[in-house]
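J.: Shown below is the structure under consideration.
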Amino acid sequence: MGLFDVVYHGSDEMYFKAEAAVKETIEKIGENAPVSFGNTAYYLACIKAYTALEVTNMAQLRDALVPIRAMMTRNNRTADIFHSGIATAMAAEVIEACKYAVNPKPYGEADNPNDNKYHGHMTDAEVRELGVPLVTRDIPGFVVLIDEAPTDEQAVALIKGYQSRGIFVFLLGGIIDQAVRKGVKMGFPVRVVPVGPDIIAVSHIISLVVRAAFIFGNIQPGDYVNMNTYTMDRIFAFVNAFTPVSDITVACGAGAIAMGFPVITNETKDMNWRVPKSLIINEDVDQWIDCSLEARGIKIKVTEMDIPIACSSAFEGEIIRKGDMQLEADGSRKDCLELVRTKDVHEIEDHKITLVGKDIDEFGVGEKICMATIVEVGGVKMQPDFEPVMERKIHSFINCLEGIMHTGQRDLIRIRVSKAAFEAGFRMKHFGELLYAKIKNEYDAVVDKCQVTIYTEPEKVHELRVEANKIYDARDARVSKLTDESVDVFYTCILCQSFSPSHVCIITPERLGLCGAVSWMDAKATNQLDPNGPCQIVPKERVIDENIGIWEDVNEAVNKYSHGALEQVSLYSIMMDPMTSCGCFECICGIEPFSNGVVIVNREHTGLTPLGMSFSELASQTGGGVQTPGFMGHGRHFIPSKKFMKAEGGVQRIVWMPKALKDSVAERLNATAKELYGIDSFVDMIADETLTPEGDPEALVEFLTEKGHPALGLEPMM
Amino acid sequence: MDLTQNPLYERLEAELEKLREMAKAAGAETWEDRKKAQTPQCRFGEGGICCRICSMGPCRITPKAPRGICGADAGAIAGRNYLRFTAGGCAAHSDHGREICHTMLAAKPDGSYQITDVDKLLRLAKEWGFETEGRDIYEVAHEVGEAALNEYGKPYGFQRFLSRATEERQQVWQREGIAPRAVDREIATAMHMTHMGNTADAEALVRQSLRTGLADGWGGSMTGTEFSDILFGTPMPNDTEADLGVLEKDMVNIIVHGHDPAMSEMVVAASEDRDMIEYARSKGAKGINVAGLCCTANEVAMRHGIRMAGNFLQQEKAMLTGLVEMMAVDVQCIFPALGPLSECFHTKVITTSPIARIPGTIYVQFSAETARQQGRDLVKMAIDNFENRNPGKIFVPQNKQKATVGYSCEGIKSRLDTVTNSFVDELDTYKPLIECIKSGVIRGAVAIVGCNNPKVRPDYAHIEIMKELLANDIVIVATGCAAQAAAKAGLMDKENAVQYCGEGLKRVCKLADIPPVLHMGSCVDISRMMLLATGIAKDWGIDVPQVPVVGCAPEWMSEKAVSIANYVVATGIDTYLGVEPQVSGSAEMMELITEGTRKMVGAGYIINTDCDQLVQAMIDGIEAKRAALGI
């Protein structure tokens with residue numbers, strides 16, 4: 001059989017399975033039974049992506065089989081295997097959807113899918129979480145490992161190898177059992193996801209990919225050509241399939257290749273075809289990582305470090321439990337801090353790592369210790385403004401170490417070192433080695449010399465903390481004086497354009513990037529570190545309307561950097577030409593018409609808002625660089641800003657937020673409301689899911705009326 | 001096909017029509033006028049059954065007069081004419097090749113011409129068994145050049161380049177008695193055989209046509225290509241533009257036209273001399289713009305990205321813009337009409353070769369010794385002519401398209417190397433392409449070559465055939481006027497051309513970063529295509545006729561084209577013709593060139609003047625070859 005025949009055969013096989021599954025499921029639960037994977041605004045995403053159909057019940061699922069079959073054309077051209085391959089993935093999604101229609105938790109009873117053996121469907125929140133790391137290339141790509149590796153050891157070597165290079169790993173079929181047998185830690189947070197027991201579950205991965213294209217690329221449902229162009233150009237995925245490769249897998253492989261994802265396999269039987277950069281046969285599984293990365297054109301930036309444990313963004317989500325902990329530096333109980341300081345280059349001995357106090361092996365197991373990390377940097381172009389930018393990166397640098405957990409910043413950090421890391425030989429000096437290598441690597445434009453000192457001697461750390469707090473306070477005072485009015489320039493941020501080609505953020509002192517990751521200071525530093533980079537200076541000389549936030553310079557910048565997709569942006573309005581978003585926003589706000597207000601919901605909140613929509617559904621209204629009046633993605637820290645929808649009256653419009661979000665911004669939001677409107681404890685007037693559990697607009701308005709919320713008295717926004 | 005609804009041709013032809021109006025206004029005529037005056041054309045000539053070989057004739061074959069005075073029948077007469085046609089083509093290409101060898105003998109480190117591709121010279125020297133270790137490269141070049149010249153007249157043996165063919169091909173050529181001896185010998189044999197009172201057996205005439213063609217493709221043309229590469233550099237992918245819109249309103253426009261790169265290279269070099277550019281500026285021009293016409297355009301575009309003003313039937317149109325200060329020509333495909341036409345415009349037409357002397361032109365005979373200075377003299381003459389432009393006779397063309405060109409065999413391999421995987425693949429092979437064909441992602445390849453011919457709507461067959469092939473995932477290599485048709489239609493623009501491609505070809509183009517129509521050069525560079533087909537066959541482990549590759553000349557007209565068609569067929573590649581060879585007056589000859597050669601060498605002509613049917617036949621032919629291979 002030729003390659004084309006195998007693909008046709010495999011796609012037929014998948015289609016007939018799908019047809020049978022639909023028939024059986026309808027017999028069981030009826031054609032009116034709802035169909036949904038849950039926690040997604042994109043219905044059955046593969047089907048929506050390629051047919052534009054929004055399937056919500058079994059009858060519609062049955063009807064979707066017709067266009068799926070119609071895509072499985074047979075004219076012996078590459079278009080036919082590409083279409084058939086993608087239709088195979090859609091047929092697989094049909095089968096998966098039937099499983100979820102019968103049982104919303106087909107892969108296990110645990111609420112957190114990461115606690116089940118198979119993860120199955122991935123939520124919109126999980127897709128969005130990938131946005132920032134994909135943009136920053138912390139996740140340089142995705143691999144789908146299919147079926148059983150020749151040996152368990154090889155399975156683990158591949159999984160770990162990819163993971164340590166930051167590649168996000170999806171597992172299907174037998175390799176999951178191999179990983180389980182070998183005790184590999186798996187789950188979305190550690191970026192190794194055991195998706196499902198067989199190739200049919202591949203639809204969940206394709207679903208994640210097409211939703212990324214919807215969310216970040218604004219690809220329209222049913223746009224076959226642009227969908228595949230987007231996935232090929234911007235989603236660096238690839239497939240590793242172990243022999244024996246079934247016809248169904250080959251058919252799915254054709255779909256993967258259509259989307260631009262090469263397939264590497266060790267199958268040789270009946271596999272007399274190779275396709276350059278697309279279908280690669282390599283019998284030596286031990287070469288697969290480098291062979292695959294080369295095929296997909298992924299170059300991994302390696303920082304050479306003398307550290308006994310792995311360092312990769314894949315370990316960022318790793319949790320160290322108490323029982324696995326060797327020791328802990330807990331800023332809430334003990335004196336702990338991190339500080340970056342500029343020093344004259346002559347006073348710095350490059351690569352000097354000093355430990356003052358006891359090392360890890362000198363503490364007792366499970367002990368809470370004091371710890372101060374002082375990084376001193378120097379360089380001709382170094383400026384004190386860069387200090388907090390680098391300091392904030394210490395969190396992600398350390399958190400990427402395997403077996404080390406890091407949260408917080410300044411003197412509110414918590415670092416846990418696992419027993420495994422300790423046993424692997426990890427000691428205090430390795431923190432120094434890591435920070436030295438990362439800072440020299442990432443900030444080589446400004447840092448000529450760098451030395452790191454780690455203190456574990458309690459009295460010394462206490463002294464340092466007092467000193468550091470003065471520095472933190474001084475910095476905060478400086479930053480709090482920074483307002484949009486007090487600076488001469490704003491900055492663009494187009495870091496996301498690798499995924500969201502027409503989105504431009506305008507970063508101002510009072511409005512940080514919607515991903516929450518780039519403040520005006522960061523943008524300024526980024527601009528100085530890389531003058532041709534993603535952050536460009538936007539002057540603010542030609543003002544059109546300062547209240548709504550319109551500048552001719554800003555409009556010119558968004559027009560230029562969106563390549564003509566956008567003409568005008570109002571920085572302080574959500575109704576009139578609001579700022580676009582890429583899709584990786586932390587929060588979204590949307591107007592709530594009954595109260596004249598807005599609701600804000602953060603990505604982590606899975607419940608519904610009073611608008612009757614979840615974060616996912618609200619988020620799907622915008623993103624991909626599109627302006628949608630009435631909806632706006634933004635960073636968490638923008639909420640208490642005096643510029644938050646200033647044109648529509650400011651923060652007094654906020655009528656509902658999830659409780660967790662509300663608590664996290666309460667202090668600053670109250671301060672803003674007090675300053676702007678003279679309202680005390682404004683946050684108490686804002687409803688949340690605990691105060692109005694009914695979740696409907698009537699209950700919301702009732703609550704707001706009772707609290708005397710100011711929004712009710714404002715002009716309607718529409 | 002609905003011609004009225006095609007914006008591409010409307011755009012292309014509207015501009016040409018405007019230029020014809022310029023001609024009318026200037027009182028000049030163009031080929032369209034002369035074509036009209038020549039219609040109807042002689043049907044005896046067209047059928048190849050008019051014999052003027054001795055002064056007993058002319059004799060013409062009719063049903064009532066089936067034999068000439070000497071007794072030669074239709075097959076003999078059409079066969080002799082066909083062989084002489086072939087010999088004319090072989091002579092032209094081969095003499096071009098010979099001239100390049102002479103240029104190489106004149107090359108020296110401080111002379112007008114230098115050796116550019118030393119590696120290629122050394123490879124060839126080794127192939128031919130010359131010592132290269134520790135020797136001066138010019139000494140090697142001169143020795144290799146002399147050996148190449150001897151290939152034209154050597155008394156014994158066969159062409160050296162034949163050993164590059166597949167083993168099977170070499171055996172077939174020996175078996176069929178068509179392995180070419182000395183190039184001049186084959187041309188002389190052809191002339192002798194067709195002299196009054198010699199061969200009257202059509203099959204023997206066709207056999208000698210194949211041999212004469214092979215002397216061209218695997219002799220003279222291959223020499224022309226190889227030595228041009230050694231002297232001027234082997235083409236590698238580079239960007240350029242095509243169509244009359246490359247002429248610049250504010251610059252001194254010099255058109256180089258013809259075939260042999262020796263003259264055009266010198267004009268290009270002179271146009272880049274700082275003092276020349278300054279001189280042009282002193283005369284009120286913004287600079288010097290050299291553009292190519294016909295195969296010279298292909299030569300300089302392939303090597304330097306010099307822009308291409310147009311192909312064969314566009315040569316008068318270029319002058320009609322009123323923007324051309326000079327047209328410097330060398331050999332082949334030069335309209336004698338350019339002389340009289342230049343009298344209506346300020347354009348100076350410079351003939352440079354004793355091979356092509358044309359009334360109404362200025363003759364400057366180029367010599368290898370003085371070529372560099374002569375190039376400067378010509379450029380200066382063009383600059384001095386800038387002030388003579390007649391503003392009332394100017395039409396500024398707008399049409400131009402981006403093109404990426406320069407796909408020599410080495411250029412193609414360099415792109416294929418980029419899609420290999422270092423863990424499983426080798427470098428410097430055609431295997432990635434073969435894998436695409438074997439798997440079916442690409443169905444096959446077609447070499448589209450040849451001229452323009454007023455019998456066909458200019459460029460229409462080229463472009464329509466190409467578009468249909470691309471839609472069917474068939475990759476195209478092109479040379480000569482066919483290549484320029486593709487460039488003008490945007491089919492060599494990497495970004496634009498993918499819209500015409502099937503998904504397989506689209507993907508391959510994207511991964512290899514190539515356009516779907518690969519420009520392989522001028523008409524002598526069809527020898528590159530023979531090496532490409534041979535290389536594919538060798539890397540695949542099969543013989544050329546089995547490879548799903550065919551040739552096509554949809555709008556051919558010259559004797560060179562017939563010579564080419566002969567060697568392409570003899571190399572084992574089916575050749576699809578959109579214009580009938582002039583043998584249709586003899587059923588025997590028609591049978592011989594379509595089916596007869598198939599028995600000898602495994603390939604033949606497929607002739608169809610309807611380009612839709614022709615392209616369908618090609619697709620079917622490629623699929624049949626695939627089926628035979630079981631892929």
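Letters for chains follow the order of the structure tokens (A, B, ...), residue numbers begin at 1 for each chain, and ligand numbers begin at 1 in the order shown.
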Write down, as a PDB file with N, CA and C atoms, in the first residue's frame, each residue of chain A that has any atom within 7 Å of an atom of chain B, counting only C-alpha atoms.

T.:
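The file below, iface-v6.pdb, is the result:
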```
ATOM      1  N   GLY A   2       0.487   2.204  -0.806  1.00  0.00           N
ATOM      2  CA  GLY A   2       1.188   3.493  -0.795  1.00  0.00           C
ATOM      3  C   GLY A   2       0.784   4.307   0.410  1.00  0.00           C
ATOM      4  N   LEU A   3       1.528   5.334   0.652  1.00  0.00           N
ATOM      5  CA  LEU A   3       1.256   6.203   1.800  1.00  0.00           C
ATOM      6  C   LEU A   3      -0.182   6.727   1.767  1.00  0.00           C
ATOM      7  N   THR A  78      -1.925  15.503  -2.474  1.00  0.00           N
ATOM      8  CA  THR A  78      -1.594  15.734  -1.073  1.00  0.00           C
ATOM      9  C   THR A  78      -2.762  16.375  -0.339  1.00  0.00           C
ATOM     10  N   ALA A  79      -3.513  17.234  -1.041  1.00  0.00           N
ATOM     11  CA  ALA A  79      -4.674  17.858  -0.416  1.00  0.00           C
ATOM     12  C   ALA A  79      -5.605  16.802   0.171  1.00  0.00           C
ATOM     13  N   TRP A 273       8.116   5.186   2.690  1.00  0.00           N
ATOM     14  CA  TRP A 273       8.068   6.580   2.268  1.00  0.00           C
ATOM     15  C   TRP A 273       8.587   7.449   3.368  1.00  0.00           C
ATOM     16  N   ARG A 274       9.339   8.408   2.951  1.00  0.00           N
ATOM     17  CA  ARG A 274       9.817   9.450   3.841  1.00  0.00           C
ATOM     18  C   ARG A 274       9.442  10.748   3.163  1.00  0.00           C
ATOM     19  N   VAL A 275       9.177  11.745   3.946  1.00  0.00           N
ATOM     20  CA  VAL A 275       8.903  13.065   3.367  1.00  0.00           C
ATOM     21  C   VAL A 275       9.763  14.054   4.138  1.00  0.00           C
ATOM     22  N   PRO A 276      10.659  14.745   3.427  1.00  0.00           N
ATOM     23  CA  PRO A 276      11.595  15.617   4.131  1.00  0.00           C
ATOM     24  C   PRO A 276      10.884  16.566   5.089  1.00  0.00           C
ATOM     25  N   LYS A 277      11.452  16.706   6.249  1.00  0.00           N
ATOM     26  CA  LYS A 277      10.961  17.630   7.274  1.00  0.00           C
ATOM     27  C   LYS A 277       9.533  17.335   7.710  1.00  0.00           C
ATOM     28  N   ASN A 282      13.522   7.203  11.734  1.00  0.00           N
ATOM     29  CA  ASN A 282      14.806   7.085  12.425  1.00  0.00           C
ATOM     30  C   ASN A 282      14.672   5.948  13.424  1.00  0.00           C
ATOM     31  N   CYS A 291      16.924  14.857  16.729  1.00  0.00           N
ATOM     32  CA  CYS A 291      16.417  14.662  15.367  1.00  0.00           C
ATOM     33  C   CYS A 291      15.091  15.411  15.191  1.00  0.00           C
ATOM     34  N   GLU A 294      15.480  19.256  15.288  1.00  0.00           N
ATOM     35  CA  GLU A 294      16.012  19.724  14.002  1.00  0.00           C
ATOM     36  C   GLU A 294      14.910  19.727  12.942  1.00  0.00           C
ATOM     37  N   ALA A 295      14.090  18.679  12.945  1.00  0.00           N
ATOM     38  CA  ALA A 295      13.018  18.597  11.939  1.00  0.00           C
ATOM     39  C   ALA A 295      12.030  19.748  12.087  1.00  0.00           C
TER      40      ALA A 295
END
```

J.: Hey, what's within 8 Å of segment 690-695 of chain A if we count only C-alpha atoms and toss same-chain stuff fewer than 2 positions away? As a compact mmCIF listing (two decimals) with N, CA and C atoms, in the first residue's frame, please?

T.:
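In the end it all went to selection-v9.txt:
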```
# COMPACT_ATOMS: atom_id res chain seq x y z
N LEU A 608 -19.22 30.64 36.70
CA LEU A 608 -19.87 31.62 35.83
C LEU A 608 -19.81 33.00 36.48
N THR A 609 -19.95 34.02 35.65
CA THR A 609 -20.09 35.39 36.12
C THR A 609 -21.57 35.76 36.04
N PRO A 610 -21.98 36.89 36.60
CA PRO A 610 -23.39 37.28 36.48
C PRO A 610 -23.82 37.51 35.02
N GLY A 612 -23.60 35.33 32.96
CA GLY A 612 -23.99 34.00 32.47
C GLY A 612 -22.87 33.35 31.68
N LYS A 659 -14.14 36.26 44.42
CA LYS A 659 -13.66 36.67 45.73
C LYS A 659 -12.12 36.69 45.82
N ALA A 687 -19.79 42.81 44.48
CA ALA A 687 -20.32 41.47 44.70
C ALA A 687 -19.29 40.42 44.27
N ASP A 688 -19.47 39.20 44.79
CA ASP A 688 -18.66 38.07 44.30
C ASP A 688 -19.49 36.80 44.38
N PRO A 697 -28.35 38.50 37.26
CA PRO A 697 -28.26 39.95 37.31
C PRO A 697 -29.21 40.56 38.34
N ALA A 699 -30.19 39.36 41.27
CA ALA A 699 -29.59 39.26 42.60
C ALA A 699 -28.44 40.24 42.75
N LEU A 700 -27.71 40.40 41.65
CA LEU A 700 -26.57 41.32 41.66
C LEU A 700 -27.05 42.75 41.94
N PHE A 703 -28.15 43.25 45.43
CA PHE A 703 -27.00 43.38 46.34
C PHE A 703 -26.40 44.78 46.25
```

J.: Would you return as a ChimeraX atom specification the members of segment 92-269 of chain A that DSSP assigns to alpha helix (DSSP H) on this structure's backbone?

T.: /A:92-102,124-129,131-135,152-164,175-181,202-217,224-234,247-258

J.: Measuring between only C-alpha atoms, which one of B:Asn253, B:Ser264, B:Gln398, B:Asn452 shows the shortest distance to Ala382 of chain B?

T.: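 Closest to Ala382 of chain B, using only C-alpha atoms: B:Asn253.
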
J.: Report the residues of segment 80-324 of chain B whose backbone DSSP state falls under strand (DSSP E), written as a PyMOL selection string.

T.: chain B and resi 238-242+252-257+288-293+307-310+324

J.: Would you please work out which residue, of B:Cys295, B:Val517, B:Ala371, B:Leu323, is nearest to Glu387 of chain B when using only C-alpha atoms?

T.: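 Once distances to Glu387 of chain B are computed over only C-alpha atoms, the minimum belongs to B:Leu323.
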
J.: Please, which residues in segment 150-264 of chain B fall within 8 Å of segment 392-396 of chain B when counting only C-alpha atoms, and what is the closest atom pair and distance in Å to one decimal for each, ordered by chain then residue number, as a Markdown table?

T.:
```
| residue | atom | partner | partner_atom | distance |
| --- | --- | --- | --- | --- |
| B:Gly245 | CA | B:Val396 | CA | 7.3 |
| B:Leu247 | CA | B:Val396 | CA | 7.7 |
| B:Glu248 | CA | B:Val396 | CA | 7.9 |
| B:Lys249 | CA | B:Val396 | CA | 6.6 |
```

J.: List as a PyMOL selection string the protein and nucleic acid residues near Lys455 of chain B, meaning an atom at most 12 Å away when only C-alpha atoms are counted, but skip any in the same chain fewer than 3 places from it.

T.: chain B and resi 31-32+35-36+38-41+46+313+451-452+458-461+554-557+578-580+609-610

J.: Find the residues around segment 226-228 of chain B up to 12 Å (only C-alpha atoms counted), leave out those fewer than 6 positions away in its own chain, and share them as JSON, numbers by chain.

T.: {"B": [96, 97, 98, 99, 100, 101, 102, 103, 104, 105, 107, 113, 114, 115, 116, 117, 118, 119, 120, 121, 122, 123, 124, 125, 141, 142, 144, 145, 146, 147, 148, 149, 161, 217, 218, 219, 220, 234, 235, 259, 260, 261, 262, 263, 265, 299, 300, 302, 303, 408, 409, 410, 521, 522, 524, 525, 526, 527, 528, 531]}

J.: Contacts of segment 561-575 of chain B at 6 Å or less, counting only C-alpha atoms, minus same-chain residues fewer than 5 places along, as a PyMOL selection string?

T.: chain B and resi 86+89-90+210+213-214+217+544-545+550-552+601-605

J.: Rounded to one decimal, what separation in Å do you get between atom CA of Ile600 of chain A and atom CA of Ile679 of chain A?

T.: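 The value is 19.8 Å.
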
J.: Quick check, in Å to one decimal: how far apart do atom CA of Ile548 of chain A and atom CA of Glu648 of chain A lie?

T.: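 So the answer is 8.4 Å.
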